[in-house]
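Let me begin by presenting the structure, written as structure tokens, before commenting on it.
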Amino acid sequence: MNNYNPISPIFLTVALLLSTGLFSPANVHAEAMKAQQWEITADKLTRYENPPSVIAEGNVVLEKVENITRQKKSARPTGWDDLLEESSAQEKTNVDDKKPETVTTSKIITSIKAQWMVYDMDLGTVKARGDVYIKVGPDQLTADEATVNLNRETGTFTNASILREYKNMHFEGKVIEKTGDLTYHFEDGWLITCKLKDGETPPWSFGAADADITDGGYAFLKHATFRIKNVPILYSPIMILPAKRTRQTGFLFPSLSLSDRDGVGAEFPFFINLSPNSDITLYPRYMSDRGFMGGVEFRYVLDQDSKGSFMGNFLNDDLSVIDDPANADYYREGNYTHTNQSRYWIRGKLDQDIGEWTTRLDLDVVSDRDYLTEFNSGLTGFDLTHERFSDVFGRGFQERTKDQRKSTLRTLRSWGNGSSLQVGLLGINDLRAKKTSPTPLWKLPEVKYSGLVPVYESDADLSWKTNYVYYWRDRGVGAHRFDLHPRVSMAVPLTDYLETVVGAGVRETYYSIDSNGPDDWKGSSSESRFLADFDAEVGTTLMRDFPINWGDATSLVHTFRPYINYKYITDTDQNDLPQFDSVDRIGDRNLIMYGMNNFFTLNGIRHGKEFDRDYGYIKIRQGYDLRSEASDEPLTPVNIRLAYYPVKDFRLIYRTDIDIYGDGFLSHIVEGNYSNSRGDFFTVDYRDSEAYTDKLVDSNDKSDKFRTKQDSLKFATSIGLFYNLRAGYSIERSLDDHKTVQEIFNVIYQPSCWSVEFTSDRTPGDQTYTLMFRLANIGSPFGLGF
């Protein structure tokens, strides 16, 4: 017959047990001593002598508590004797004999709760039933019944569920075994990687007859099924899912597509974790009518200012076999001009700080001028690539229709005295349909040195811009060019109400010309040019605060700045100079410009705090040309810029130029965008311009210019609808020839734990439909995804 004794009060320290290894000499240190013990509370506790055990009933809580005892730090010496180590021997003896003070802190390592529990003190095991709840590390476990070995920290749980804090992983099973510190095995259960409410049916899950969950590893599922609302949809004999608390290697969710041009397509990204701050993603893509396209992406991040990303794609294109008659429709409908079957796009960007130097690399090399137009959608298409690089690096790629792709390397060093040095390289990927001479210019290298310093103790400032560049090209004229432009400027205090600035400078440009063949250059092998310039501006700034009552706004501030300036540049013959960029053709100028700028700002109080924001502006300016050749039409077009910001996240801008001598409006440009906290947005960009392109830069003579016509519309929007639905639409249309460059429509269904996106993408000669799935915390490493 077992002896038992009821225990009162309702608290018992069950352990500090040497037999369990929870407190041993290994836990004792010179300055800190750790002791772990199990403590239990319940409505009723009963202790049995044979075998030694405790039965707890009603609101049972068993906690593993770690007590840490540290030596309390003594106060720092404050007396001169102590600081100079001149204390007497007796004083030092008294200090040495004094026992150090200690402080003890407690921390709960593991917590087990149930309605009934028996603790076997010899075996170190606990059996529990009724609303069993266990909190250990990042995991929370609930079950109907549980058997736990406290020494090994293992156990078996019936009708159990576990929630992992990392990635909100939730899994359930009829039987779950805790096999290690944070490892589990379960039978006849399911898993989901998002948080569920109590009693909520999982919107999707992975079911398995048998599974192992490893900490720092994966979830290995056998006889797995993918379920939607507990309905099996897909089956796999083996499946591996991320269960670790760091990024891991594995497949991401695929993308499926159907295209008039490419046929049926599928893309299966594979993520490779190299280290906590670097990774590789493979993008194998199959298109039934084109073949297999390989893709790879490498990324690394050292810190916010040092990071890089590089991508590459290659396709041996079955549709680009130009001698195959079956491909005639492909070339005709798409109006394609390429003849190469090997097609690729290599791109990347790098931001790297090396000591005091800031470095930027931009790489953009493509096989042909049609590639970016054809492969503009998909995980590695132009649209998504441009968007991702813009978000990460603050700069994207050139328009996909540009047939001279620039790759640059620049490094910059700035000094505190106001000067800076920039060294750069520029290479051009020539994609022109007809590669006529001259070929595009490369810069190998370009060096810029500029600065601004005060002139002794005066009010004047000395600024300079110095530039050296070697222009190289495969065919055509190249040159070494040196350009030096120092200027002196200063403010002139005419009155207290007028702001006056004057400046003057000289400019010397020297060329050492590489004729690159006897027929390319007829002039001298060296040329030079000297220019002088002078400018002055007088203006004033007026402000007034108008009281208003527009919602939270209490005042409208109007800032008015009228101004007039004068610009003069000497007239120098430049016909003997080679022409590479705008520096080589600087037209003479004798021009008065006058205008007025109006800025509007709203001030007010919102949620008890003062605020101010821009409300809009109106800018108008015009010039009067004093040169004799412009005497018949001396007035320049009127330049008007309008902006209106009716609410914080809405922006509307209009720009136009008006010729007063009969041509009327030369351009209309409208830009607008809006966004809100829900993620709704729209953008519009409309351009209707009949602009003049200068042969002589800054020339006002229209006979020296030829007209260019640009008439286009770009529009994009995304709106959240209802029941977790979101719809998006975008169009890019050339209004000149009434052609749609690209039209995209997509619908996204995105509840809390997953999403599916259907996209329709129409371009000349092709219509593509794409279906992409996303599951919460699966297939989105490095923070990329929806």
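Note on naming: chains are A, B, ... as they come in the structure tokens, residues start from 1 per chain, ligands start from 1 in the order shown.
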
Next item on the list: If you run DSSP over the backbone, which residues in stretch 288-532 of chain A end up alpha helix (DSSP H)? Put them as a PyMOL selection string.
Entry: chain A and resi 328-334+371-374+382-393

Could you write out that same residue set with N, CA and C atoms as a short mmCIF file (atom, residue, chain, number, x, y, z; two decimals), in the first residue's frame?
```cif
data_model
loop_
_atom_site.label_atom_id
_atom_site.label_comp_id
_atom_site.auth_asym_id
_atom_site.auth_seq_id
_atom_site.Cartn_x
_atom_site.Cartn_y
_atom_site.Cartn_z
N ALA A 328 8.01 32.13 -90.14
CA ALA A 328 7.73 33.36 -90.88
C ALA A 328 6.66 34.20 -90.20
N ASP A 329 5.60 33.55 -89.72
CA ASP A 329 4.54 34.29 -89.04
C ASP A 329 5.06 34.97 -87.77
N TYR A 330 5.96 34.31 -87.07
CA TYR A 330 6.54 34.88 -85.85
C TYR A 330 7.25 36.20 -86.15
N TYR A 331 8.07 36.25 -87.20
CA TYR A 331 8.79 37.47 -87.55
C TYR A 331 7.85 38.54 -88.09
N ARG A 332 6.86 38.12 -88.88
CA ARG A 332 5.96 39.10 -89.49
C ARG A 332 5.04 39.73 -88.45
N GLU A 333 4.41 38.93 -87.60
CA GLU A 333 3.45 39.47 -86.64
C GLU A 333 4.12 40.30 -85.56
N GLY A 334 5.31 39.91 -85.17
CA GLY A 334 6.01 40.66 -84.13
C GLY A 334 6.88 41.78 -84.66
N TYR A 371 14.82 41.25 -77.74
CA TYR A 371 14.74 40.38 -76.56
C TYR A 371 13.89 40.99 -75.46
N LEU A 372 14.16 42.23 -75.08
CA LEU A 372 13.47 42.84 -73.94
C LEU A 372 12.00 43.10 -74.23
N THR A 373 11.66 43.27 -75.50
CA THR A 373 10.25 43.44 -75.87
C THR A 373 9.50 42.12 -75.79
N GLU A 374 10.16 41.04 -76.19
CA GLU A 374 9.52 39.73 -76.15
C GLU A 374 9.42 39.18 -74.74
N PHE A 382 11.59 41.70 -68.18
CA PHE A 382 12.07 43.07 -68.02
C PHE A 382 11.28 43.84 -66.97
N ASP A 383 9.95 43.70 -66.98
CA ASP A 383 9.13 44.50 -66.08
C ASP A 383 9.45 44.23 -64.62
N LEU A 384 9.44 42.97 -64.20
CA LEU A 384 9.70 42.63 -62.81
C LEU A 384 11.15 42.89 -62.43
N THR A 385 12.07 42.64 -63.36
CA THR A 385 13.49 42.93 -63.08
C THR A 385 13.71 44.41 -62.86
N HIS A 386 13.15 45.24 -63.71
CA HIS A 386 13.28 46.69 -63.56
C HIS A 386 12.70 47.16 -62.23
N GLU A 387 11.54 46.63 -61.86
CA GLU A 387 10.89 47.02 -60.61
C GLU A 387 11.73 46.61 -59.41
N ARG A 388 12.25 45.39 -59.41
CA ARG A 388 13.03 44.91 -58.27
C ARG A 388 14.32 45.69 -58.09
N PHE A 389 15.03 45.94 -59.17
CA PHE A 389 16.29 46.69 -59.07
C PHE A 389 16.03 48.13 -58.66
N SER A 390 14.94 48.72 -59.13
CA SER A 390 14.60 50.08 -58.73
C SER A 390 14.33 50.15 -57.23
N ASP A 391 13.64 49.15 -56.69
CA ASP A 391 13.33 49.14 -55.26
C ASP A 391 14.59 48.98 -54.42
N VAL A 392 15.51 48.11 -54.84
CA VAL A 392 16.68 47.79 -54.03
C VAL A 392 17.77 48.84 -54.18
N PHE A 393 18.03 49.29 -55.42
CA PHE A 393 19.17 50.17 -55.69
C PHE A 393 18.78 51.62 -55.97
#
```

Notebook entry, point to check: If you run DSSP on the backbone, which residues of stretch 702-756 of chain A are strand (DSSP E), as a ChimeraX atom specification?
Noted result: /A:705-720,725-734,739-749,754-756

Check: With only C-alpha atoms as the basis for distance, which of A:Tyr119, A:Tyr674, A:Phe298, A:Tyr286 is at the shortest distance from A:Phe271?
Finding: A:Phe298

Distance table requested - stretch 574-657 of chain A against stretch 514-534 of chain A, cut-off 9 Å, only C-alpha atoms: one row per qualifying residue with the closest atom pair and its distance in Å to one decimal, ordered by chain and rising residue number, as JSON lines.
```
{"residue": "A:Gln574", "atom": "CA", "partner": "A:Arg529", "partner_atom": "CA", "distance": 7.5}
{"residue": "A:Asp576", "atom": "CA", "partner": "A:Gly523", "partner_atom": "CA", "distance": 6.9}
{"residue": "A:Leu577", "atom": "CA", "partner": "A:Glu527", "partner_atom": "CA", "distance": 6.6}
{"residue": "A:Pro578", "atom": "CA", "partner": "A:Trp521", "partner_atom": "CA", "distance": 8.7}
{"residue": "A:Ile586", "atom": "CA", "partner": "A:Leu531", "partner_atom": "CA", "distance": 8.9}
{"residue": "A:Arg589", "atom": "CA", "partner": "A:Asp533", "partner_atom": "CA", "distance": 8.9}
```

Notebook entry, point to check: If you count only C-alpha atoms, which residues fall within 8 Å of A:Val321, apart from same-chain ones fewer than 2 positions away, as an MDAnalysis selection string?
Noted result: chainID A and resid 317:319 323:324 327 339:341

Written selection (all heavy atoms) as a short mmCIF file (atom, residue, chain, number, x, y, z; two decimals), in the first residue's frame:
```cif
data_model
loop_
_atom_site.label_atom_id
_atom_site.label_comp_id
_atom_site.auth_asym_id
_atom_site.auth_seq_id
_atom_site.Cartn_x
_atom_site.Cartn_y
_atom_site.Cartn_z
N ASP A 317 16.81 29.68 -79.05
CA ASP A 317 15.43 29.94 -79.41
C ASP A 317 15.02 29.17 -80.67
O ASP A 317 15.55 29.41 -81.76
CB ASP A 317 15.26 31.44 -79.63
CG ASP A 317 13.80 31.85 -79.71
OD1 ASP A 317 12.93 30.97 -79.59
OD2 ASP A 317 13.54 33.05 -79.86
N ASP A 318 14.05 28.26 -80.51
CA ASP A 318 13.55 27.52 -81.67
C ASP A 318 12.79 28.41 -82.64
O ASP A 318 12.74 28.12 -83.84
CB ASP A 318 12.63 26.38 -81.20
CG ASP A 318 13.39 25.32 -80.41
OD1 ASP A 318 14.62 25.27 -80.53
OD2 ASP A 318 12.73 24.55 -79.67
N LEU A 319 12.19 29.50 -82.16
CA LEU A 319 11.44 30.40 -83.05
C LEU A 319 12.35 31.33 -83.85
O LEU A 319 11.88 31.97 -84.78
CB LEU A 319 10.45 31.23 -82.24
CG LEU A 319 9.20 30.52 -81.71
CD1 LEU A 319 8.32 31.51 -80.95
CD2 LEU A 319 8.42 29.88 -82.84
N ASP A 323 15.78 30.56 -91.13
CA ASP A 323 15.62 29.81 -92.38
C ASP A 323 14.45 28.85 -92.34
O ASP A 323 14.11 28.24 -93.35
CB ASP A 323 16.91 29.03 -92.68
CG ASP A 323 18.09 29.96 -92.90
OD1 ASP A 323 17.86 31.08 -93.38
OD2 ASP A 323 19.24 29.56 -92.60
N ASP A 324 13.82 28.71 -91.17
CA ASP A 324 12.69 27.79 -91.03
C ASP A 324 11.41 28.50 -91.48
O ASP A 324 11.00 29.49 -90.89
CB ASP A 324 12.57 27.34 -89.58
CG ASP A 324 11.54 26.23 -89.40
OD1 ASP A 324 10.75 25.99 -90.34
OD2 ASP A 324 11.53 25.61 -88.31
N ASN A 327 8.63 29.72 -89.08
CA ASN A 327 8.82 30.87 -88.21
C ASN A 327 8.49 32.19 -88.91
O ASN A 327 8.69 33.26 -88.33
CB ASN A 327 10.25 30.93 -87.69
CG ASN A 327 10.58 29.74 -86.79
OD1 ASN A 327 9.68 29.16 -86.19
ND2 ASN A 327 11.85 29.40 -86.71
N THR A 339 18.29 38.04 -86.05
CA THR A 339 18.56 36.82 -86.82
C THR A 339 19.31 35.78 -85.99
O THR A 339 19.57 34.68 -86.48
CB THR A 339 19.39 37.14 -88.07
OG1 THR A 339 20.63 37.76 -87.67
CG2 THR A 339 18.63 38.09 -89.00
N ASN A 340 19.66 36.11 -84.77
CA ASN A 340 20.43 35.20 -83.92
C ASN A 340 19.51 34.23 -83.18
O ASN A 340 18.44 34.61 -82.70
CB ASN A 340 21.25 35.99 -82.90
CG ASN A 340 20.40 36.98 -82.12
OD1 ASN A 340 19.86 37.93 -82.69
ND2 ASN A 340 20.29 36.77 -80.82
N GLN A 341 19.93 32.97 -83.06
CA GLN A 341 19.17 31.97 -82.31
C GLN A 341 19.59 31.94 -80.85
O GLN A 341 18.77 31.63 -79.98
CB GLN A 341 19.36 30.59 -82.94
CG GLN A 341 18.46 29.51 -82.33
CD GLN A 341 18.61 28.18 -83.02
OE1 GLN A 341 19.40 28.02 -83.96
NE2 GLN A 341 17.85 27.19 -82.57
#
```

Check: Expressed in Å to a single decimal, how great is the separation between atom CA of A:Ile592 and atom CA of A:Thr466?
Finding: 27.6 Å

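Atom CA of A:Leu735 lies 21.3 Å from atom CA of A:Leu652.
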
Notebook entry, point to check: Mind pulling up the distance from atom CA of A:Asp552 to atom CA of A:Arg606?
Noted result: 5.8 Å

Surrounding residues of A:Tyr468 excluding itself and chain neighbours under 3 positions, 7 Å, only C-alpha atoms, as a PDB file with N, CA, C and O atoms, in the first residue's frame:
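Written out: around.pdb:
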```pdb
ATOM      1  N   GLU A 446      36.425  58.354 -68.152  1.00  0.00           N
ATOM      2  CA  GLU A 446      36.008  59.738 -67.964  1.00  0.00           C
ATOM      3  C   GLU A 446      36.359  60.133 -66.537  1.00  0.00           C
ATOM      4  O   GLU A 446      36.044  59.426 -65.585  1.00  0.00           O
ATOM      5  N   VAL A 447      37.044  61.289 -66.398  1.00  0.00           N
ATOM      6  CA  VAL A 447      37.466  61.782 -65.084  1.00  0.00           C
ATOM      7  C   VAL A 447      36.899  63.181 -64.897  1.00  0.00           C
ATOM      8  O   VAL A 447      37.089  64.052 -65.750  1.00  0.00           O
ATOM      9  N   LYS A 448      36.196  63.391 -63.781  1.00  0.00           N
ATOM     10  CA  LYS A 448      35.619  64.685 -63.460  1.00  0.00           C
ATOM     11  C   LYS A 448      36.148  65.152 -62.107  1.00  0.00           C
ATOM     12  O   LYS A 448      36.106  64.404 -61.134  1.00  0.00           O
ATOM     13  N   ARG A 481      39.586  64.397 -74.903  1.00  0.00           N
ATOM     14  CA  ARG A 481      39.069  65.751 -74.732  1.00  0.00           C
ATOM     15  C   ARG A 481      39.302  66.223 -73.301  1.00  0.00           C
ATOM     16  O   ARG A 481      38.956  65.526 -72.339  1.00  0.00           O
ATOM     17  N   PHE A 482      39.880  67.424 -73.181  1.00  0.00           N
ATOM     18  CA  PHE A 482      40.084  68.079 -71.893  1.00  0.00           C
ATOM     19  C   PHE A 482      39.221  69.332 -71.859  1.00  0.00           C
ATOM     20  O   PHE A 482      39.269  70.146 -72.782  1.00  0.00           O
ATOM     21  N   ASP A 483      38.441  69.483 -70.799  1.00  0.00           N
ATOM     22  CA  ASP A 483      37.536  70.631 -70.681  1.00  0.00           C
ATOM     23  C   ASP A 483      37.686  71.230 -69.286  1.00  0.00           C
ATOM     24  O   ASP A 483      37.500  70.537 -68.284  1.00  0.00           O
TER      25      ASP A 483
END
```

Next item on the list: Tell me which protein, DNA and RNA residues are within 10 Å of A:Trp550, counting only C-alpha atoms, leaving out same-chain ones fewer than 5 positions away, and put them as a PyMOL selection string.
Entry: chain A and resi 555-556+602+604

So that I have them on file, write out the residues from the current selection with C-alpha atoms, as a PDB file, in the first residue's frame.
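Output contents, as saved in again-v4.pdb:
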```pdb
ATOM      1  CA  SER A 555      -3.459  78.383 -43.119  1.00  0.00           C
ATOM      2  CA  LEU A 556      -2.292  78.572 -46.735  1.00  0.00           C
ATOM      3  CA  LEU A 602      -0.666  74.063 -46.255  1.00  0.00           C
ATOM      4  CA  GLY A 604      -2.433  72.859 -39.797  1.00  0.00           C
TER       5      GLY A 604
END
```

Considering only C-alpha atoms, return as an mmCIF file with N, CA, C and O atoms, in the first residue's frame whatever protein or nucleic-acid residues lie within 8 Å of A:Asp614, sequence-local ones (same chain, fewer than 6 positions apart) excluded.
```cif
data_model
loop_
_atom_site.group_PDB
_atom_site.id
_atom_site.type_symbol
_atom_site.label_atom_id
_atom_site.label_comp_id
_atom_site.auth_asym_id
_atom_site.auth_seq_id
_atom_site.Cartn_x
_atom_site.Cartn_y
_atom_site.Cartn_z
ATOM 1 N N PHE A 600 2.850 77.049 -52.978
ATOM 2 C CA PHE A 600 1.752 77.051 -52.014
ATOM 3 C C PHE A 600 1.967 75.908 -51.009
ATOM 4 O O PHE A 600 2.249 74.770 -51.400
ATOM 5 N N THR A 601 1.816 76.235 -49.730
ATOM 6 C CA THR A 601 2.042 75.274 -48.645
ATOM 7 C C THR A 601 0.867 75.335 -47.674
ATOM 8 O O THR A 601 0.396 76.423 -47.325
ATOM 9 N N LEU A 602 0.398 74.152 -47.249
ATOM 10 C CA LEU A 602 -0.666 74.063 -46.255
ATOM 11 C C LEU A 602 -0.070 73.797 -44.875
ATOM 12 O O LEU A 602 0.804 72.943 -44.727
ATOM 13 N N TYR A 645 -1.308 69.340 -55.518
ATOM 14 C CA TYR A 645 -1.317 68.218 -54.581
ATOM 15 C C TYR A 645 -2.542 68.365 -53.669
ATOM 16 O O TYR A 645 -2.435 68.850 -52.548
#
```
